[in-house]
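Engineer: Below you'll find the structure I mean.
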Amino acid sequence: MTVLDDRIEMAEECGELTLDVLFEWLEKMPIPEGTKIEIVGGNIFMSPQRQNHWEIIFGIAEQLRAKYPRKRLASDVRIDFPGHLNGFACDLAAMADRSVKDSRGRWRYQDVEFVAEVISKDTAGNDYGPKKDTYAAAEVPLYLIVDPYAGEWHLHTLPKDGKYHSEVSFPFGEDIDLTGTPVGLVLKTDEFPRD
């Protein structure tokens with residue numbers, strides 16, 4: 001057991017374990033530059049950023065800039081979502097026009113209208129499982145999973161009652177038509193790299 005494990009166990013016993021406590025502890029740890037950290041259901045996940053991963057995120061962000069000003073896009077920025085200790089660092093999130101940050105300067109999950117996650121082998125289960133469920137419970141209108149290993153994308157829409165009721169999947173090269181959604185754009189995928 002590590003010192004962090006001991007502190008978490010003590011905080012749990014005292015009923016003090018919060019996302020703020022967990023992130024405060026993480027900020028004090030020697031974590032390598034370029035490592036993505038997020039908390040999913042109270043579990044801490046760390047993964048290094050891969051070049052192909054970043055190229056896909058950046059490619060989506062460039063296309064979203066046709067509608068979203070830079071100040072309404074976030075990448076690897078903590079957003080607290082509903083459920084037990086869900087502090088996600090979405091690969092890319094786009095905020096609605098009416099968005100405001102909370103009193104701590106953080107985006108509110110209620111203002112997120114699009115999330116893209118590019119899967120990594122070690123954390124793919126989160127993107128397809130608990131994060132998808134959490135985004136649906138938070139009623140994020142559009143959740144895009146991009147899988148560079150399979151060379152395909154999965155768009156989840158129509159969140160209601162804690163789950164998405166529509167999913168469309170296609171291989172890279174097929175456009176993602178978001179024209180009838182809050183995003184209002186078509187995203188090109190033909191330049192997404194594969195792993």
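Ligands are numbered from 1 in the order shown, chains are lettered A, B, ... in the order of the structure tokens, and residues start at 1 in each chain.
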For the interface of segment 9-55 of chain A with segment 81-93 of chain A (cut-off 7 Å, counting only C-alpha atoms), please tabulate each contacting residue of segment 9-55 of chain A alongside its nearest pair of atoms and their separation in Å to one decimal, rows sorted by chain and increasing number, as a tab-separated table.

Structural biologist:
residue	atom	partner	partner_atom	distance
A:Thr18	CA	A:Leu85	CA	6.7
A:Leu19	CA	A:Leu85	CA	5.7
A:Ile37	CA	A:Ala89	CA	6.9
A:Glu38	CA	A:Phe88	CA	5.1
A:Ile39	CA	A:Gly87	CA	4.9
A:Val40	CA	A:Asn86	CA	4.8
A:Gly41	CA	A:Leu85	CA	5.2
A:Gly42	CA	A:Leu85	CA	4.7

Engineer: List as a Markdown table every residue of segment 81-130 of chain A that is in contact with segment 137-152 of chain A, defined as an atom at most 12 Å from one of its atoms (using only C-alpha atoms), together with the nearest atom pair and the distance in Å rounded to one decimal, sorted by chain and then rising number.

Structural biologist:
| residue | atom | partner | partner_atom | distance |
| --- | --- | --- | --- | --- |
| A:Phe81 | CA | A:Ala138 | CA | 6.9 |
| A:Pro82 | CA | A:Ala138 | CA | 6.5 |
| A:Gly83 | CA | A:Ala137 | CA | 8.6 |
| A:Asn86 | CA | A:Ala138 | CA | 11.3 |
| A:Cys90 | CA | A:Tyr143 | CA | 10.6 |
| A:Asp91 | CA | A:Ile145 | CA | 10.0 |
| A:Leu92 | CA | A:Leu144 | CA | 9.7 |
| A:Ala93 | CA | A:Tyr143 | CA | 9.4 |
| A:Ala94 | CA | A:Leu142 | CA | 9.9 |
| A:Met95 | CA | A:Val140 | CA | 10.1 |
| A:Ala96 | CA | A:Val140 | CA | 10.7 |
| A:Arg108 | CA | A:Ala138 | CA | 10.4 |
| A:Tyr109 | CA | A:Ala138 | CA | 6.9 |
| A:Gln110 | CA | A:Ala138 | CA | 6.9 |
| A:Asp111 | CA | A:Val140 | CA | 8.4 |
| A:Val112 | CA | A:Val140 | CA | 6.1 |
| A:Glu113 | CA | A:Val140 | CA | 5.4 |
| A:Phe114 | CA | A:Leu142 | CA | 4.8 |
| A:Val115 | CA | A:Tyr143 | CA | 4.9 |
| A:Ala116 | CA | A:Leu144 | CA | 4.6 |
| A:Glu117 | CA | A:Ile145 | CA | 5.0 |
| A:Val118 | CA | A:Val146 | CA | 4.7 |
| A:Ile119 | CA | A:Asp147 | CA | 5.5 |
| A:Ser120 | CA | A:Asp147 | CA | 8.1 |
| A:Lys121 | CA | A:Tyr149 | CA | 8.3 |
| A:Thr123 | CA | A:Asp147 | CA | 11.7 |
| A:Ala124 | CA | A:Asp147 | CA | 8.8 |
| A:Gly125 | CA | A:Ile145 | CA | 11.5 |
| A:Asn126 | CA | A:Ile145 | CA | 11.0 |
| A:Asp127 | CA | A:Ile145 | CA | 7.2 |
| A:Tyr128 | CA | A:Ile145 | CA | 7.8 |
| A:Gly129 | CA | A:Ile145 | CA | 11.2 |
| A:Pro130 | CA | A:Ala137 | CA | 10.3 |

Engineer: With N, CA and C atoms kept, could you save the residues just selected as a JSON list (two decimals), in the first residue's frame?

Structural biologist:
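File out-v9.json, as written:
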[["chain", "number", "residue", "atom", "x", "y", "z"],
["A", 81, "PHE", "N", -18.44, 15.28, -13.40],
["A", 81, "PHE", "CA", -19.70, 14.75, -13.92],
["A", 81, "PHE", "C", -20.45, 14.06, -12.80],
["A", 82, "PRO", "N", -21.76, 13.85, -12.98],
["A", 82, "PRO", "CA", -22.56, 13.20, -11.93],
["A", 82, "PRO", "C", -22.09, 11.76, -11.69],
["A", 83, "GLY", "N", -22.47, 11.25, -10.54],
["A", 83, "GLY", "CA", -22.07, 9.90, -10.16],
["A", 83, "GLY", "C", -21.01, 9.96, -9.09],
["A", 86, "ASN", "N", -16.52, 11.27, -10.26],
["A", 86, "ASN", "CA", -16.24, 11.29, -11.69],
["A", 86, "ASN", "C", -15.65, 12.64, -12.09],
["A", 90, "CYS", "N", -11.84, 14.98, -20.40],
["A", 90, "CYS", "CA", -12.27, 14.58, -21.76],
["A", 90, "CYS", "C", -11.16, 14.90, -22.76],
["A", 91, "ASP", "N", -11.00, 14.02, -23.73],
["A", 91, "ASP", "CA", -10.04, 14.33, -24.79],
["A", 91, "ASP", "C", -10.42, 15.63, -25.47],
["A", 92, "LEU", "N", -11.71, 15.82, -25.69],
["A", 92, "LEU", "CA", -12.18, 17.09, -26.25],
["A", 92, "LEU", "C", -13.63, 17.29, -25.86],
["A", 93, "ALA", "N", -13.94, 18.48, -25.38],
["A", 93, "ALA", "CA", -15.31, 18.83, -25.03],
["A", 93, "ALA", "C", -15.62, 20.20, -25.62],
["A", 94, "ALA", "N", -16.85, 20.33, -26.11],
["A", 94, "ALA", "CA", -17.32, 21.61, -26.65],
["A", 94, "ALA", "C", -18.49, 22.08, -25.81],
["A", 95, "MET", "N", -18.44, 23.36, -25.42],
["A", 95, "MET", "CA", -19.45, 23.92, -24.54],
["A", 95, "MET", "C", -20.48, 24.74, -25.33],
["A", 96, "ALA", "N", -21.70, 24.71, -24.85],
["A", 96, "ALA", "CA", -22.78, 25.47, -25.46],
["A", 96, "ALA", "C", -22.51, 26.97, -25.36],
["A", 108, "ARG", "N", -19.03, 23.49, -16.26],
["A", 108, "ARG", "CA", -20.12, 22.70, -15.68],
["A", 108, "ARG", "C", -20.53, 21.63, -16.69],
["A", 109, "TYR", "N", -20.76, 20.43, -16.21],
["A", 109, "TYR", "CA", -21.13, 19.35, -17.14],
["A", 109, "TYR", "C", -22.45, 19.66, -17.85],
["A", 110, "GLN", "N", -23.30, 20.47, -17.24],
["A", 110, "GLN", "CA", -24.59, 20.82, -17.86],
["A", 110, "GLN", "C", -24.42, 21.62, -19.15],
["A", 111, "ASP", "N", -23.25, 22.22, -19.35],
["A", 111, "ASP", "CA", -23.00, 23.04, -20.53],
["A", 111, "ASP", "C", -22.27, 22.29, -21.65],
["A", 112, "VAL", "N", -21.89, 21.05, -21.42],
["A", 112, "VAL", "CA", -21.18, 20.27, -22.43],
["A", 112, "VAL", "C", -22.19, 19.76, -23.46],
["A", 113, "GLU", "N", -21.94, 20.09, -24.74],
["A", 113, "GLU", "CA", -22.86, 19.59, -25.76],
["A", 113, "GLU", "C", -22.20, 18.59, -26.70],
["A", 114, "PHE", "N", -20.89, 18.39, -26.58],
["A", 114, "PHE", "CA", -20.18, 17.42, -27.42],
["A", 114, "PHE", "C", -18.94, 16.95, -26.66],
["A", 115, "VAL", "N", -18.72, 15.64, -26.66],
["A", 115, "VAL", "CA", -17.50, 15.06, -26.10],
["A", 115, "VAL", "C", -16.94, 14.08, -27.11],
["A", 116, "ALA", "N", -15.63, 14.14, -27.30],
["A", 116, "ALA", "CA", -14.92, 13.14, -28.11],
["A", 116, "ALA", "C", -13.87, 12.49, -27.22],
["A", 117, "GLU", "N", -13.84, 11.17, -27.25],
["A", 117, "GLU", "CA", -12.80, 10.40, -26.56],
["A", 117, "GLU", "C", -12.11, 9.53, -27.59],
["A", 118, "VAL", "N", -10.79, 9.58, -27.62],
["A", 118, "VAL", "CA", -9.99, 8.73, -28.49],
["A", 118, "VAL", "C", -9.45, 7.63, -27.59],
["A", 119, "ILE", "N", -9.81, 6.39, -27.89],
["A", 119, "ILE", "CA", -9.48, 5.33, -26.94],
["A", 119, "ILE", "C", -7.99, 5.02, -26.93],
["A", 120, "SER", "N", -7.55, 4.61, -25.75],
["A", 120, "SER", "CA", -6.23, 4.03, -25.53],
["A", 120, "SER", "C", -6.49, 2.60, -25.10],
["A", 121, "LYS", "N", -5.58, 1.71, -25.41],
["A", 121, "LYS", "CA", -5.80, 0.30, -25.09],
["A", 121, "LYS", "C", -6.10, 0.08, -23.61],
["A", 123, "THR", "N", -7.33, 2.09, -21.31],
["A", 123, "THR", "CA", -8.51, 2.73, -20.72],
["A", 123, "THR", "C", -9.74, 2.66, -21.63],
["A", 124, "ALA", "N", -9.70, 1.85, -22.67],
["A", 124, "ALA", "CA", -10.84, 1.74, -23.60],
["A", 124, "ALA", "C", -12.10, 1.31, -22.88],
["A", 125, "GLY", "N", -11.97, 0.45, -21.88],
["A", 125, "GLY", "CA", -13.14, -0.01, -21.13],
["A", 125, "GLY", "C", -13.88, 1.14, -20.47],
["A", 126, "ASN", "N", -13.17, 2.18, -20.06],
["A", 126, "ASN", "CA", -13.82, 3.35, -19.47],
["A", 126, "ASN", "C", -14.64, 4.10, -20.51],
["A", 127, "ASP", "N", -14.04, 4.31, -21.69],
["A", 127, "ASP", "CA", -14.71, 5.09, -22.73],
["A", 127, "ASP", "C", -15.98, 4.41, -23.23],
["A", 128, "TYR", "N", -15.93, 3.09, -23.38],
["A", 128, "TYR", "CA", -17.09, 2.33, -23.85],
["A", 128, "TYR", "C", -18.06, 1.97, -22.72],
["A", 129, "GLY", "N", -17.62, 2.09, -21.46],
["A", 129, "GLY", "CA", -18.44, 1.67, -20.33],
["A", 129, "GLY", "C", -18.87, 2.80, -19.43],
["A", 130, "PRO", "N", -18.18, 2.97, -18.27],
["A", 130, "PRO", "CA", -18.65, 3.95, -17.29],
["A", 130, "PRO", "C", -18.67, 5.40, -17.76]]

Engineer: Select, from A:Arg78, A:Thr157, A:Glu191, A:Ile60, the residue with the minimum atom-to-atom distance to Arg104 of chain A, counting only C-alpha atoms.

Structural biologist: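 Closest residue, counting only C-alpha atoms: A:Arg78.
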
Engineer: As a PDB file with N, CA and C atoms, in the first residue's frame, which residues of chain A does DSSP assign to strand (DSSP E or B)?

Structural biologist:
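Now in part_25.pdb:
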ATOM      1  N   THR A  35       1.145  13.169 -19.300  1.00  0.00           N
ATOM      2  CA  THR A  35       0.313  12.082 -18.799  1.00  0.00           C
ATOM      3  C   THR A  35      -1.078  12.607 -18.500  1.00  0.00           C
ATOM      4  N   LYS A  36      -2.074  11.954 -19.062  1.00  0.00           N
ATOM      5  CA  LYS A  36      -3.469  12.325 -18.819  1.00  0.00           C
ATOM      6  C   LYS A  36      -3.917  11.636 -17.534  1.00  0.00           C
ATOM      7  N   ILE A  37      -4.561  12.408 -16.658  1.00  0.00           N
ATOM      8  CA  ILE A  37      -5.049  11.868 -15.390  1.00  0.00           C
ATOM      9  C   ILE A  37      -6.533  12.174 -15.285  1.00  0.00           C
ATOM     10  N   GLU A  38      -7.308  11.163 -14.921  1.00  0.00           N
ATOM     11  CA  GLU A  38      -8.715  11.392 -14.641  1.00  0.00           C
ATOM     12  C   GLU A  38      -9.196  10.386 -13.612  1.00  0.00           C
ATOM     13  N   ILE A  39     -10.333  10.706 -13.017  1.00  0.00           N
ATOM     14  CA  ILE A  39     -10.912   9.855 -11.994  1.00  0.00           C
ATOM     15  C   ILE A  39     -12.272   9.391 -12.512  1.00  0.00           C
ATOM     16  N   VAL A  40     -12.419   8.081 -12.632  1.00  0.00           N
ATOM     17  CA  VAL A  40     -13.641   7.483 -13.152  1.00  0.00           C
ATOM     18  C   VAL A  40     -14.198   6.568 -12.067  1.00  0.00           C
ATOM     19  N   ASN A  43     -11.847   5.721  -9.240  1.00  0.00           N
ATOM     20  CA  ASN A  43     -10.578   5.087  -9.613  1.00  0.00           C
ATOM     21  C   ASN A  43      -9.738   6.060 -10.417  1.00  0.00           C
ATOM     22  N   ILE A  44      -8.454   6.109 -10.119  1.00  0.00           N
ATOM     23  CA  ILE A  44      -7.531   7.022 -10.784  1.00  0.00           C
ATOM     24  C   ILE A  44      -6.901   6.315 -11.978  1.00  0.00           C
ATOM     25  N   PHE A  45      -6.946   6.979 -13.132  1.00  0.00           N
ATOM     26  CA  PHE A  45      -6.347   6.440 -14.346  1.00  0.00           C
ATOM     27  C   PHE A  45      -5.342   7.435 -14.890  1.00  0.00           C
ATOM     28  N   MET A  46      -4.163   6.929 -15.236  1.00  0.00           N
ATOM     29  CA  MET A  46      -3.120   7.754 -15.836  1.00  0.00           C
ATOM     30  C   MET A  46      -2.670   7.073 -17.120  1.00  0.00           C
ATOM     31  N   SER A  47      -2.567   7.845 -18.187  1.00  0.00           N
ATOM     32  CA  SER A  47      -2.078   7.279 -19.440  1.00  0.00           C
ATOM     33  C   SER A  47      -1.292   8.339 -20.200  1.00  0.00           C
ATOM     34  N   PRO A  48      -0.179   7.912 -20.817  1.00  0.00           N
ATOM     35  CA  PRO A  48       0.608   8.867 -21.603  1.00  0.00           C
ATOM     36  C   PRO A  48      -0.109   9.199 -22.905  1.00  0.00           C
ATOM     37  N   LEU A  73     -13.857  25.438 -26.057  1.00  0.00           N
ATOM     38  CA  LEU A  73     -13.348  24.090 -26.245  1.00  0.00           C
ATOM     39  C   LEU A  73     -12.413  23.758 -25.102  1.00  0.00           C
ATOM     40  N   ALA A  74     -12.418  22.501 -24.686  1.00  0.00           N
ATOM     41  CA  ALA A  74     -11.523  22.062 -23.611  1.00  0.00           C
ATOM     42  C   ALA A  74     -10.957  20.693 -23.963  1.00  0.00           C
ATOM     43  N   ARG A  78     -10.223  19.150 -16.387  1.00  0.00           N
ATOM     44  CA  ARG A  78     -11.141  18.505 -15.441  1.00  0.00           C
ATOM     45  C   ARG A  78     -12.552  19.079 -15.539  1.00  0.00           C
ATOM     46  N   ILE A  79     -13.496  18.168 -15.719  1.00  0.00           N
ATOM     47  CA  ILE A  79     -14.919  18.499 -15.640  1.00  0.00           C
ATOM     48  C   ILE A  79     -15.546  17.459 -14.723  1.00  0.00           C
ATOM     49  N   ASP A  80     -16.209  17.895 -13.688  1.00  0.00           N
ATOM     50  CA  ASP A  80     -16.853  16.973 -12.750  1.00  0.00           C
ATOM     51  C   ASP A  80     -18.223  16.588 -13.282  1.00  0.00           C
ATOM     52  N   PHE A  81     -18.440  15.283 -13.403  1.00  0.00           N
ATOM     53  CA  PHE A  81     -19.698  14.751 -13.917  1.00  0.00           C
ATOM     54  C   PHE A  81     -20.452  14.063 -12.796  1.00  0.00           C
ATOM     55  N   ASN A  86     -16.519  11.274 -10.261  1.00  0.00           N
ATOM     56  CA  ASN A  86     -16.242  11.295 -11.695  1.00  0.00           C
ATOM     57  C   ASN A  86     -15.650  12.643 -12.094  1.00  0.00           C
ATOM     58  N   GLY A  87     -14.341  12.741 -12.071  1.00  0.00           N
ATOM     59  CA  GLY A  87     -13.628  13.928 -12.532  1.00  0.00           C
ATOM     60  C   GLY A  87     -12.932  13.586 -13.833  1.00  0.00           C
ATOM     61  N   PHE A  88     -13.613  13.809 -14.955  1.00  0.00           N
ATOM     62  CA  PHE A  88     -13.084  13.410 -16.247  1.00  0.00           C
ATOM     63  C   PHE A  88     -12.239  14.517 -16.863  1.00  0.00           C
ATOM     64  N   ALA A  89     -11.246  14.097 -17.626  1.00  0.00           N
ATOM     65  CA  ALA A  89     -10.438  15.001 -18.442  1.00  0.00           C
ATOM     66  C   ALA A  89     -10.694  14.587 -19.887  1.00  0.00           C
ATOM     67  N   LEU A  92     -11.712  15.824 -25.690  1.00  0.00           N
ATOM     68  CA  LEU A  92     -12.182  17.086 -26.253  1.00  0.00           C
ATOM     69  C   LEU A  92     -13.634  17.289 -25.856  1.00  0.00           C
ATOM     70  N   ALA A  93     -13.941  18.476 -25.377  1.00  0.00           N
ATOM     71  CA  ALA A  93     -15.314  18.834 -25.025  1.00  0.00           C
ATOM     72  C   ALA A  93     -15.618  20.200 -25.622  1.00  0.00           C
ATOM     73  N   ALA A  94     -16.851  20.332 -26.109  1.00  0.00           N
ATOM     74  CA  ALA A  94     -17.316  21.608 -26.654  1.00  0.00           C
ATOM     75  C   ALA A  94     -18.493  22.078 -25.811  1.00  0.00           C
ATOM     76  N   MET A  95     -18.440  23.359 -25.420  1.00  0.00           N
ATOM     77  CA  MET A  95     -19.455  23.922 -24.543  1.00  0.00           C
ATOM     78  C   MET A  95     -20.476  24.744 -25.325  1.00  0.00           C
ATOM     79  N   LYS A 101     -18.563  29.221 -16.393  1.00  0.00           N
ATOM     80  CA  LYS A 101     -17.796  28.384 -15.468  1.00  0.00           C
ATOM     81  C   LYS A 101     -18.355  28.570 -14.064  1.00  0.00           C
ATOM     82  N   TRP A 107     -15.575  24.237 -15.908  1.00  0.00           N
ATOM     83  CA  TRP A 107     -16.747  24.048 -16.755  1.00  0.00           C
ATOM     84  C   TRP A 107     -17.764  23.200 -16.027  1.00  0.00           C
ATOM     85  N   VAL A 112     -21.893  21.048 -21.418  1.00  0.00           N
ATOM     86  CA  VAL A 112     -21.181  20.267 -22.428  1.00  0.00           C
ATOM     87  C   VAL A 112     -22.187  19.761 -23.458  1.00  0.00           C
ATOM     88  N   GLU A 113     -21.943  20.086 -24.742  1.00  0.00           N
ATOM     89  CA  GLU A 113     -22.856  19.586 -25.763  1.00  0.00           C
ATOM     90  C   GLU A 113     -22.199  18.588 -26.704  1.00  0.00           C
ATOM     91  N   PHE A 114     -20.886  18.391 -26.579  1.00  0.00           N
ATOM     92  CA  PHE A 114     -20.177  17.421 -27.416  1.00  0.00           C
ATOM     93  C   PHE A 114     -18.938  16.951 -26.664  1.00  0.00           C
ATOM     94  N   VAL A 115     -18.722  15.637 -26.658  1.00  0.00           N
ATOM     95  CA  VAL A 115     -17.499  15.065 -26.099  1.00  0.00           C
ATOM     96  C   VAL A 115     -16.935  14.082 -27.110  1.00  0.00           C
ATOM     97  N   ALA A 116     -15.630  14.137 -27.299  1.00  0.00           N
ATOM     98  CA  ALA A 116     -14.920  13.139 -28.105  1.00  0.00           C
ATOM     99  C   ALA A 116     -13.871  12.488 -27.216  1.00  0.00           C
ATOM    100  N   GLU A 117     -13.836  11.175 -27.248  1.00  0.00           N
ATOM    101  CA  GLU A 117     -12.802  10.402 -26.558  1.00  0.00           C
ATOM    102  C   GLU A 117     -12.115   9.532 -27.594  1.00  0.00           C
ATOM    103  N   VAL A 118     -10.787   9.584 -27.625  1.00  0.00           N
ATOM    104  CA  VAL A 118      -9.990   8.731 -28.492  1.00  0.00           C
ATOM    105  C   VAL A 118      -9.447   7.630 -27.590  1.00  0.00           C
ATOM    106  N   LEU A 142     -24.062  14.669 -27.571  1.00  0.00           N
ATOM    107  CA  LEU A 142     -23.256  13.941 -28.546  1.00  0.00           C
ATOM    108  C   LEU A 142     -21.990  13.399 -27.890  1.00  0.00           C
ATOM    109  N   TYR A 143     -21.817  12.099 -27.980  1.00  0.00           N
ATOM    110  CA  TYR A 143     -20.607  11.466 -27.447  1.00  0.00           C
ATOM    111  C   TYR A 143     -19.977  10.657 -28.571  1.00  0.00           C
ATOM    112  N   LEU A 144     -18.776  11.067 -28.970  1.00  0.00           N
ATOM    113  CA  LEU A 144     -18.052  10.436 -30.066  1.00  0.00           C
ATOM    114  C   LEU A 144     -16.870   9.653 -29.504  1.00  0.00           C
ATOM    115  N   ILE A 145     -16.830   8.368 -29.818  1.00  0.00           N
ATOM    116  CA  ILE A 145     -15.683   7.528 -29.474  1.00  0.00           C
ATOM    117  C   ILE A 145     -14.926   7.259 -30.767  1.00  0.00           C
ATOM    118  N   VAL A 146     -13.639   7.571 -30.770  1.00  0.00           N
ATOM    119  CA  VAL A 146     -12.796   7.323 -31.936  1.00  0.00           C
ATOM    120  C   VAL A 146     -11.806   6.228 -31.556  1.00  0.00           C
ATOM    121  N   ASP A 147     -11.780   5.174 -32.359  1.00  0.00           N
ATOM    122  CA  ASP A 147     -10.955   3.995 -32.072  1.00  0.00           C
ATOM    123  C   ASP A 147      -9.876   3.845 -33.143  1.00  0.00           C
ATOM    124  N   GLU A 152     -12.167   3.064 -36.617  1.00  0.00           N
ATOM    125  CA  GLU A 152     -13.587   3.388 -36.732  1.00  0.00           C
ATOM    126  C   GLU A 152     -14.011   4.379 -35.663  1.00  0.00           C
ATOM    127  N   TRP A 153     -15.171   4.974 -35.891  1.00  0.00           N
ATOM    128  CA  TRP A 153     -15.743   5.907 -34.914  1.00  0.00           C
ATOM    129  C   TRP A 153     -17.158   5.468 -34.577  1.00  0.00           C
ATOM    130  N   HIS A 154     -17.590   5.855 -33.358  1.00  0.00           N
ATOM    131  CA  HIS A 154     -18.921   5.502 -32.839  1.00  0.00           C
ATOM    132  C   HIS A 154     -19.550   6.776 -32.272  1.00  0.00           C
ATOM    133  N   LEU A 155     -20.671   7.179 -32.830  1.00  0.00           N
ATOM    134  CA  LEU A 155     -21.372   8.373 -32.366  1.00  0.00           C
ATOM    135  C   LEU A 155     -22.606   7.959 -31.572  1.00  0.00           C
ATOM    136  N   HIS A 156     -22.676   8.420 -30.327  1.00  0.00           N
ATOM    137  CA  HIS A 156     -23.805   8.120 -29.441  1.00  0.00           C
ATOM    138  C   HIS A 156     -24.636   9.387 -29.268  1.00  0.00           C
ATOM    139  N   THR A 157     -25.945   9.254 -29.476  1.00  0.00           N
ATOM    140  CA  THR A 157     -26.856  10.398 -29.370  1.00  0.00           C
ATOM    141  C   THR A 157     -28.140   9.979 -28.652  1.00  0.00           C
ATOM    142  N   LEU A 158     -29.018  10.934 -28.482  1.00  0.00           N
ATOM    143  CA  LEU A 158     -30.321  10.747 -27.833  1.00  0.00           C
ATOM    144  C   LEU A 158     -30.206  10.206 -26.407  1.00  0.00           C
ATOM    145  N   PRO A 159     -29.532  10.967 -25.523  1.00  0.00           N
ATOM    146  CA  PRO A 159     -29.442  10.517 -24.134  1.00  0.00           C
ATOM    147  C   PRO A 159     -30.770  10.704 -23.403  1.00  0.00           C
ATOM    148  N   LYS A 160     -31.195   9.673 -22.730  1.00  0.00           N
ATOM    149  CA  LYS A 160     -32.413   9.756 -21.921  1.00  0.00           C
ATOM    150  C   LYS A 160     -32.409   8.604 -20.927  1.00  0.00           C
ATOM    151  N   LYS A 163     -29.062   6.505 -20.503  1.00  0.00           N
ATOM    152  CA  LYS A 163     -28.369   5.781 -21.568  1.00  0.00           C
ATOM    153  C   LYS A 163     -28.606   6.471 -22.905  1.00  0.00           C
ATOM    154  N   TYR A 164     -27.701   6.167 -23.851  1.00  0.00           N
ATOM    155  CA  TYR A 164     -27.858   6.678 -25.206  1.00  0.00           C
ATOM    156  C   TYR A 164     -28.759   5.719 -25.977  1.00  0.00           C
ATOM    157  N   HIS A 165     -29.680   6.288 -26.743  1.00  0.00           N
ATOM    158  CA  HIS A 165     -30.640   5.467 -27.459  1.00  0.00           C
ATOM    159  C   HIS A 165     -30.336   5.357 -28.952  1.00  0.00           C
ATOM    160  N   SER A 166     -29.244   5.948 -29.384  1.00  0.00           N
ATOM    161  CA  SER A 166     -28.858   5.835 -30.787  1.00  0.00           C
ATOM    162  C   SER A 166     -27.338   5.751 -30.884  1.00  0.00           C
ATOM    163  N   GLU A 167     -26.877   4.852 -31.752  1.00  0.00           N
ATOM    164  CA  GLU A 167     -25.441   4.735 -32.018  1.00  0.00           C
ATOM    165  C   GLU A 167     -25.249   4.493 -33.507  1.00  0.00           C
ATOM    166  N   VAL A 168     -24.302   5.229 -34.078  1.00  0.00           N
ATOM    167  CA  VAL A 168     -23.915   5.059 -35.466  1.00  0.00           C
ATOM    168  C   VAL A 168     -22.422   4.808 -35.478  1.00  0.00           C
ATOM    169  N   SER A 169     -21.972   3.811 -36.228  1.00  0.00           N
ATOM    170  CA  SER A 169     -20.552   3.478 -36.325  1.00  0.00           C
ATOM    171  C   SER A 169     -20.146   3.343 -37.778  1.00  0.00           C
ATOM    172  N   PHE A 170     -18.970   3.886 -38.108  1.00  0.00           N
ATOM    173  CA  PHE A 170     -18.427   3.765 -39.460  1.00  0.00           C
ATOM    174  C   PHE A 170     -16.909   3.722 -39.377  1.00  0.00           C
ATOM    175  N   PRO A 171     -16.270   3.224 -40.438  1.00  0.00           N
ATOM    176  CA  PRO A 171     -14.802   3.250 -40.477  1.00  0.00           C
ATOM    177  C   PRO A 171     -14.284   4.661 -40.768  1.00  0.00           C
ATOM    178  N   ILE A 176     -18.665  12.299 -40.332  1.00  0.00           N
ATOM    179  CA  ILE A 176     -19.562  12.283 -39.176  1.00  0.00           C
ATOM    180  C   ILE A 176     -20.504  13.468 -39.350  1.00  0.00           C
ATOM    181  N   ASP A 177     -21.729  13.182 -39.724  1.00  0.00           N
ATOM    182  CA  ASP A 177     -22.696  14.238 -40.026  1.00  0.00           C
ATOM    183  C   ASP A 177     -23.391  14.693 -38.742  1.00  0.00           C
ATOM    184  N   VAL A 186     -20.185  18.943 -40.258  1.00  0.00           N
ATOM    185  CA  VAL A 186     -19.779  17.619 -40.717  1.00  0.00           C
ATOM    186  C   VAL A 186     -18.295  17.484 -40.399  1.00  0.00           C
ATOM    187  N   LEU A 187     -17.936  16.432 -39.654  1.00  0.00           N
ATOM    188  CA  LEU A 187     -16.534  16.196 -39.313  1.00  0.00           C
ATOM    189  C   LEU A 187     -15.938  15.189 -40.285  1.00  0.00           C
TER     190      LEU A 187
END

Engineer: Mind the document's chain letters and residue numbers, and return as number ranges by chain the residues of chain A that DSSP labels alpha helix (DSSP H).

Structural biologist: A: 3-14, 19-27, 51-64, 124-128, 130-137
